[in-house]
Structure formats: C-alpha cells, structure tokens
file target_37.txt (compact mmCIF, C-alpha atoms)
# COMPACT_ATOMS: atom_id res chain seq x y z
CA MET A 1 135.19 39.98 -48.73
CA LYS A 2 134.31 37.12 -51.07
CA TYR A 3 134.42 33.44 -50.24
CA PHE A 4 136.49 31.06 -52.34
CA ILE A 5 137.49 27.43 -51.95
CA HIS A 6 141.21 26.74 -51.89
CA LEU A 7 141.89 23.82 -54.22
CA SER A 8 144.10 21.74 -51.92
CA ILE A 9 141.54 22.09 -49.11
CA LEU A 10 138.68 21.39 -51.48
CA LEU A 11 140.23 18.15 -52.65
CA SER A 12 140.98 16.95 -49.12
CA ALA A 13 138.18 18.23 -46.94
CA GLY A 14 135.92 20.65 -48.77
CA ILE A 15 136.45 23.43 -46.22
CA PRO A 16 136.06 27.01 -47.51
CA ILE A 17 138.51 29.77 -46.68
CA MET A 18 138.22 33.56 -46.89
CA GLU A 19 140.51 35.44 -49.23
CA SER A 20 140.81 39.20 -49.51
CA CYS A 21 140.89 40.59 -53.03
CA GLY A 22 143.43 43.13 -51.82
CA ARG A 23 146.12 40.58 -50.92
CA ASN A 24 149.22 40.13 -53.02
CA PRO A 25 149.14 37.06 -55.27
CA VAL A 26 150.13 33.84 -53.49
CA PRO A 27 150.95 30.36 -54.89
CA GLU A 28 147.40 29.08 -54.51
CA VAL A 29 144.36 28.72 -56.73
CA SER A 30 140.95 29.70 -55.42
CA ILE A 31 137.65 28.36 -56.70
CA ASP A 32 134.20 29.91 -56.69
CA PRO A 33 131.94 26.99 -57.68
CA ALA A 34 128.77 29.08 -57.86
CA ALA A 35 130.29 31.60 -60.26
CA LYS A 36 132.27 28.85 -62.06
CA THR A 37 135.51 30.80 -61.74
CA ILE A 38 139.04 30.09 -60.63
CA ARG A 39 141.53 32.73 -59.55
CA PHE A 40 145.29 32.64 -59.01
CA GLY A 41 148.23 35.00 -58.78
CA GLY A 42 151.32 35.53 -60.87
CA THR A 43 153.65 38.14 -62.30
CA ILE A 44 153.51 39.76 -65.73
CA HIS A 45 156.54 40.30 -67.98
CA PRO A 46 155.64 42.22 -71.18
CA LYS A 47 159.11 43.49 -72.03
CA ARG A 48 160.72 40.07 -71.61
CA TYR A 49 157.88 38.41 -73.51
CA ASN A 50 158.22 40.77 -76.49
CA SER A 51 162.01 40.73 -76.66
CA ARG A 52 162.88 37.01 -76.49
CA ALA A 53 164.36 35.63 -79.70
CA ASP A 54 162.63 32.27 -79.07
CA ARG A 55 159.21 33.75 -78.37
CA ALA A 56 157.54 31.51 -81.02
CA ASN A 57 155.12 34.17 -82.22
CA GLY A 58 153.98 34.85 -78.68
CA HIS A 59 152.85 31.28 -78.14
CA HIS A 60 153.21 31.22 -74.34
CA PHE A 61 150.65 33.24 -72.39
CA ILE A 62 150.53 31.73 -68.85
CA VAL A 63 153.13 29.22 -67.63
CA TRP A 64 154.01 27.61 -64.29
CA SER A 65 157.29 29.00 -62.91
CA ARG A 66 158.81 25.51 -62.72
CA GLY A 67 157.93 24.60 -66.29
CA ALA A 68 160.40 24.54 -69.17
CA ASN A 69 158.70 27.50 -70.87
CA ALA A 70 158.32 29.73 -67.81
CA THR A 71 160.63 32.53 -68.92
CA LYS A 72 158.98 32.72 -72.36
CA ALA A 73 155.55 33.51 -70.91
CA LEU A 74 153.77 36.82 -70.60
CA ILE A 75 152.48 35.69 -67.19
CA MET A 76 154.36 33.38 -64.85
CA THR A 77 152.68 31.78 -61.83
CA GLU A 78 153.73 29.66 -58.86
CA VAL A 79 150.58 27.56 -59.35
CA SER A 80 151.24 24.40 -61.35
CA ASP A 81 149.58 23.59 -64.64
CA LEU A 82 148.18 20.39 -63.13
CA GLU A 83 146.62 22.29 -60.23
CA ILE A 84 144.96 24.72 -62.65
CA LEU A 85 143.64 21.80 -64.69
CA LYS A 86 142.11 20.17 -61.60
CA ALA A 87 140.56 23.49 -60.60
CA LEU A 88 138.91 23.82 -64.02
CA GLU A 89 137.51 20.32 -63.71
CA THR A 90 136.12 21.25 -60.29
CA ILE A 91 134.04 24.09 -61.76
CA GLY A 92 132.69 21.75 -64.43
CA ALA A 93 134.92 22.38 -67.43
CA ALA A 94 134.68 19.67 -70.09
CA LEU A 95 138.18 18.84 -71.32
CA GLY A 96 138.76 18.40 -75.05
CA ASN A 97 141.80 16.11 -74.89
CA ASN A 98 141.75 16.03 -78.69
CA LEU A 99 145.31 17.12 -79.49
CA SER A 100 148.17 14.63 -79.61
CA GLU A 101 151.96 14.72 -79.56
CA ALA A 102 151.78 14.65 -83.35
CA THR A 103 150.01 18.01 -83.35
CA TRP A 104 153.29 19.54 -82.20
CA GLU A 105 155.87 17.08 -83.53
CA GLN A 106 154.54 17.05 -87.12
CA ARG A 107 153.92 20.79 -87.44
CA ALA A 108 156.56 21.15 -90.19
CA ASP A 109 155.12 18.33 -92.29
CA PRO A 110 152.66 19.73 -94.86
CA ALA A 111 151.16 16.26 -95.39
CA ALA A 112 150.30 15.76 -91.70
CA SER A 113 146.79 16.58 -90.53
CA ALA A 114 147.37 16.67 -86.75
CA PRO A 115 148.90 20.19 -86.71
CA ASP A 116 145.74 21.58 -88.33
CA GLN A 117 143.50 20.49 -85.44
CA ARG A 118 141.95 23.09 -83.16
CA VAL A 119 141.69 22.61 -79.43
CA GLU A 120 138.32 21.48 -78.11
CA GLY A 121 136.74 21.70 -74.66
CA SER A 122 134.68 24.18 -72.67
CA ARG A 123 135.02 27.84 -73.60
CA LEU A 124 136.73 30.02 -70.99
CA GLU A 125 136.84 33.75 -70.39
CA ILE A 126 140.04 35.21 -68.95
CA TRP A 127 140.65 38.49 -67.14
CA ILE A 128 143.89 39.87 -65.72
CA GLU A 129 143.80 42.21 -62.73
CA TRP A 130 146.43 44.64 -61.48
CA ASP A 131 146.11 47.83 -59.42
CA GLY A 132 142.51 46.91 -58.67
CA TRP A 133 141.38 46.93 -62.33
CA GLU A 134 140.32 43.95 -64.45
CA HIS A 135 141.43 43.75 -68.09
CA ARG A 136 140.03 41.49 -70.79
CA LEU A 137 142.43 39.10 -72.48
CA PRO A 138 142.42 40.96 -75.85
CA ASP A 139 143.29 44.24 -74.11
CA LEU A 140 146.72 42.86 -73.16
CA PHE A 141 147.87 42.59 -76.77
CA THR A 142 148.34 44.96 -79.68
CA GLU A 143 145.81 42.87 -81.63
CA LYS A 144 142.56 43.45 -79.74
CA ASN A 145 140.02 41.57 -81.87
CA PRO A 146 138.05 39.34 -79.42
CA GLU A 147 137.58 36.69 -82.13
CA ASP A 148 141.33 36.06 -82.05
CA TYR A 149 141.06 34.74 -78.49
CA VAL A 150 138.81 31.69 -78.19
CA ILE A 151 140.27 29.92 -75.17
CA ARG A 152 139.15 26.36 -74.49
CA ALA A 153 139.89 23.81 -71.77
CA GLY A 154 142.08 21.44 -73.75
CA GLY A 155 143.15 19.26 -70.84
CA HIS A 156 145.98 16.99 -72.11
CA GLU A 157 147.09 15.90 -68.64
CA LYS A 158 148.70 12.76 -70.05
CA LEU A 159 151.11 14.91 -72.07
CA ILE A 160 152.52 16.78 -69.06
CA PRO A 161 155.43 14.31 -68.66
CA VAL A 162 156.27 14.52 -72.36
CA TRP A 163 157.47 18.14 -72.43
CA ARG A 164 157.15 19.31 -68.79
CA SER A 165 156.53 22.73 -70.24
CA GLY A 166 154.34 24.03 -67.42
CA CYS A 167 152.05 25.62 -70.01
CA ILE A 168 148.69 26.70 -68.60
CA THR A 169 147.41 28.86 -71.47
CA CYS A 170 148.79 28.90 -75.02
CA LEU A 171 147.73 31.36 -77.71
CA PHE A 172 147.66 28.66 -80.39
CA SER A 173 145.94 25.24 -80.28
CA CYS A 174 148.65 23.37 -78.44
CA PRO A 175 148.77 19.87 -76.93
CA GLY A 176 151.17 21.16 -74.27
CA GLY A 177 148.70 23.68 -72.88
CA LYS A 178 146.02 22.88 -70.35
CA THR A 179 144.01 25.62 -72.06
CA SER A 180 144.69 27.10 -75.48
CA ASN A 181 143.35 29.16 -78.34
CA ALA A 182 141.00 27.49 -80.81
CA THR A 183 141.19 30.38 -83.28
CA PHE A 184 144.71 29.50 -84.40
CA THR A 185 146.41 26.15 -84.99
CA ILE A 186 149.98 25.09 -84.32
CA ARG A 187 150.41 25.13 -88.09
CA ASP A 188 149.51 28.83 -88.02
CA GLN A 189 152.19 29.37 -85.40
CA TYR A 190 154.83 27.41 -87.30
CA TRP A 191 154.18 29.20 -90.60
CA ASN A 192 154.07 32.65 -88.94
CA LYS A 193 150.44 33.26 -89.88
CA LYS A 194 149.78 35.00 -86.56
CA THR A 195 151.94 36.79 -84.02
CA PHE A 196 150.88 38.04 -80.58
CA TRP A 197 152.64 41.10 -79.19
CA ALA A 198 152.06 42.33 -75.65
CA ASP A 199 150.81 45.93 -75.61
CA GLU A 200 153.52 47.61 -73.56
CA THR A 201 151.64 50.91 -73.70
CA VAL A 202 148.96 49.54 -71.35
CA LEU A 203 150.71 46.77 -69.43
CA PRO A 204 152.67 47.35 -66.21
CA SER A 205 156.41 46.80 -65.89
CA ASP A 206 158.02 43.36 -65.75
CA GLY A 207 157.56 41.59 -62.45
CA THR A 208 154.32 43.36 -61.50
CA PRO A 209 152.02 41.07 -59.46
CA VAL A 210 148.73 40.25 -61.20
CA TRP A 211 145.66 38.11 -60.62
CA VAL A 212 144.35 35.77 -63.30
CA MET A 213 140.66 34.87 -63.36
CA MET A 214 139.20 32.14 -65.59
CA ARG A 215 135.46 31.67 -65.89
CA LEU A 216 133.51 28.91 -67.56
CA ARG A 217 131.49 30.44 -70.36
CA ASN A 218 128.03 29.28 -71.35
CA GLU A 219 127.75 28.51 -75.07

call {"tool": "encode", "arguments": {"input": "target_37.txt", "output": "structure tokens"}}
result
Amino acid sequence: MKYFIHLSILLSAGIPIMESCGRNPVPEVSIDPAAKTIRFGGTIHPKRYNSRADRANGHHFIVWSRGANATKALIMTEVSDLEILKALETIGAALGNNLSEATWEQRADPAASAPDQRVEGSRLEIWIEWDGWEHRLPDLFTEKNPEDYVIRAGGHEKLIPVWRSGCITCLFSCPGGKTSNATFTIRDQYWNKKTFWADETVLPSDGTPVWVMMRLRNE
C-alpha cells in the first residue's frame, strides 16, 4: 500500500487516506506531496481518437468527461480540469499562464504573434498505467521521440469559462489546456506541421480503465 492525499480532503482538512494501486480508477485525484506526483483514473480510447474527423491533429490528450472536447480525447477522466490544476499547484508546480485567448483565436492570421507562443510553466512527466504496467507518454503514440513531448503546467484557469473545453493536457501549446506541449505551437497544429496518432498496436481497446500519473520534474 502507498499513502496519498485525496485532493478534496487535503483542501478541507489535510487528512490522508489509503488507496490501493490495484483498485479500478475512481473520479478522484490523489496527491503524493513527497514524491511531487498526482494520480487519477480515466478510460483510454485509441480507436475513437484516431478515427474522428475533427481530431485536430491529435490535439486532445486528456480531457474531463464533462468538457466540450471529451469525446475527442485519447484519455477521458471523471476528474475535472480545475481539480487537476489545483492538485498540480499543491505539489508545487509553477504555472506559466502565458497564453491568451488570442493564441487560439488568431491562429489563422499569419501576422499575429500570439499563436507562435509556447506554453511555459513547470515541466511535468506523465505515465499511463494499465494492467499493472506503466507506459511513458511517447510510448502511446506512433511518434516516440521524447523531445516531441515537453509537457508544462500552463495553468490558464481564467480561460476555463471561455471555452469550457475540459482540457487537462493538450499536445500543442494551447491556452485551453491546464497542461500542454511546449514543443509545438498552436500555429503548428493549425498548419498541419505535426500530427499525433495513437499507437493502436500497443494500446488497449477503447474504454479500458487506466491510471494517469503526473510528476513534477526537476530542471
């Protein structure tokens, strides 16, 4: 057994709970302050993710089930994007908050500079677990170069009401995501300079329960 702190309890009373790693994913986020990690459950949907006509180059990696982009995501979770953001702050993540609405809204305008910005904030490592095995983020996709996945804690809480997308992790630098990928800009996404395909040869079938773990990385 390993001890975690449930976020809602942490914020109200600071009382730790015990969670078994063998349990099925539940709509909660757990925090390990000493290891600077958060952990939450969801379901993975590689076939749906790859086959949607509006997949936007694989933009949507992890999304809250009640968000507007939930069914576009590779991983869908019952944990809200705001709850994940608060959990990251609890383990000490510095939020970039450097992307604006214009980053998204002006992405088709070649004269605009906002869409060329890259997300800032603390660097995060992400693993996905199913069937008792942990898999690195690059291993989930056909493109497995680790340099293509530089995930940072963007923040952007003030933009949640703008799109209500539910986006937790985006694979391009996106103002809608609480975390996103600093390697590629929204301009790159708009001009089809990069596409992320889920590797269906290694991923389980749609609807399989998974665990997501995010850890603050020292730089």

call {"tool": "closest_atom_pairs", "arguments": {"input": "target_37.txt", "of": "stretch 74-140 of chain A", "to": "stretch 27-41 of chain A", "cutoff": "9 Å", "atoms": "all atoms listed in the file", "output": "JSON lines"}}
result
{"residue": "A:Met76", "atom": "CA", "partner": "A:Gly41", "partner_atom": "CA", "distance": 8.8}
{"residue": "A:Thr77", "atom": "CA", "partner": "A:Gly41", "partner_atom": "CA", "distance": 6.3}
{"residue": "A:Glu78", "atom": "CA", "partner": "A:Pro27", "partner_atom": "CA", "distance": 4.9}
{"residue": "A:Val79", "atom": "CA", "partner": "A:Pro27", "partner_atom": "CA", "distance": 5.3}
{"residue": "A:Ser80", "atom": "CA", "partner": "A:Pro27", "partner_atom": "CA", "distance": 8.8}
{"residue": "A:Glu83", "atom": "CA", "partner": "A:Val29", "partner_atom": "CA", "distance": 7.7}
{"residue": "A:Ile84", "atom": "CA", "partner": "A:Val29", "partner_atom": "CA", "distance": 7.2}
{"residue": "A:Ala87", "atom": "CA", "partner": "A:Ile38", "partner_atom": "CA", "distance": 6.8}
{"residue": "A:Leu88", "atom": "CA", "partner": "A:Ile38", "partner_atom": "CA", "distance": 7.1}
{"residue": "A:Thr90", "atom": "CA", "partner": "A:Pro33", "partner_atom": "CA", "distance": 7.6}
{"residue": "A:Ile91", "atom": "CA", "partner": "A:Lys36", "partner_atom": "CA", "distance": 5.1}
{"residue": "A:Gly92", "atom": "CA", "partner": "A:Lys36", "partner_atom": "CA", "distance": 7.5}
{"residue": "A:Ala93", "atom": "CA", "partner": "A:Lys36", "partner_atom": "CA", "distance": 8.8}

call {"tool": "residues_near_point", "arguments": {"input": "target_37.txt", "point": "(140.9, 29.3, -77.4)", "cutoff": "9 Å", "atoms": "all atoms listed in the file", "output": "ChimeraX atom specification"}}
result
/A:118-120,123-124,148-154,169-173,179-184

call {"tool": "closest_residue", "arguments": {"input": "target_37.txt", "among": "A:Lys72, A:Lys144, A:Arg187, A:Lys86", "to": "A:His156", "atoms": "only C-alpha atoms"}}
result
A:Lys86

call {"tool": "residues_around", "arguments": {"input": "target_37.txt", "residues": "stretch 126-133 of chain A", "least_positions_apart": "6", "cutoff": "9 Å", "atoms": "only C-alpha atoms", "output": "number ranges by chain"}}
result
A: 21-22, 140, 151, 204, 208-215

call {"tool": "residues_near_point", "arguments": {"input": "target_37.txt", "point": "(143.3, 15.4, -84.0)", "cutoff": "12 Å", "atoms": "all atoms listed in the file", "output": "PyMOL selection string"}}
result
chain A and resi 96-104+106+112-120+154+173-175+185-186

call {"tool": "closest_residue", "arguments": {"input": "target_37.txt", "among": "A:Leu216, A:Leu159, A:Leu74, A:Ala111", "to": "A:Gly177", "atoms": "all atoms listed in the file"}}
result
A:Leu159

call {"tool": "atom_distance", "arguments": {"input": "target_37.txt", "atom1": "atom CA of A:Lys194", "atom2": "atom CA of A:Val63"}}
result
20.1 Å

call {"tool": "residues_around", "arguments": {"input": "target_37.txt", "residues": "A:Gly58", "least_positions_apart": "5", "cutoff": "12 Å", "atoms": "all atoms listed in the file", "output": "number ranges by chain"}}
result
A: 46, 48-53, 69, 72-75, 141-143, 169-172, 186, 188-190, 192-199

call {"tool": "closest_residue", "arguments": {"input": "target_37.txt", "among": "A:Ile160, A:Cys167, A:Leu203, A:Leu137", "to": "A:Trp64", "atoms": "only C-alpha atoms"}}
result
A:Cys167

call {"tool": "closest_residue", "arguments": {"input": "target_37.txt", "among": "A:Glu157, A:Asp109, A:Glu89, A:Asp81", "to": "A:Trp191", "atoms": "only C-alpha atoms"}}
result
A:Asp109

call {"tool": "atom_distance", "arguments": {"input": "target_37.txt", "atom1": "atom CA of A:Gly155", "atom2": "atom CA of A:Ser122"}}
result
10.0 Å

call {"tool": "atom_distance", "arguments": {"input": "target_37.txt", "atom1": "atom CA of A:Glu134", "atom2": "atom CA of A:Ala68"}}
result
28.3 Å

call {"tool": "axis_aligned_box", "arguments": {"input": "target_37.txt", "around": "stretch 95-112 of chain A", "padding_each_side": "5 Å", "output": "JSON"}}
result
{"center_x": 147.4, "center_y": 17.9, "center_z": -83.4, "size_x": 28.4, "size_y": 16.5, "size_z": 34.1}

call {"tool": "closest_residue", "arguments": {"input": "target_37.txt", "among": "A:Asn218, A:Asn145, A:Thr71, A:Ser165", "to": "A:Lys47", "atoms": "only C-alpha atoms"}}
result
A:Thr71

call {"tool": "closest_residue", "arguments": {"input": "target_37.txt", "among": "A:Gly121, A:Asn57, A:Glu200, A:Gly67", "to": "A:Asp139", "atoms": "all atoms listed in the file"}}
result
A:Glu200
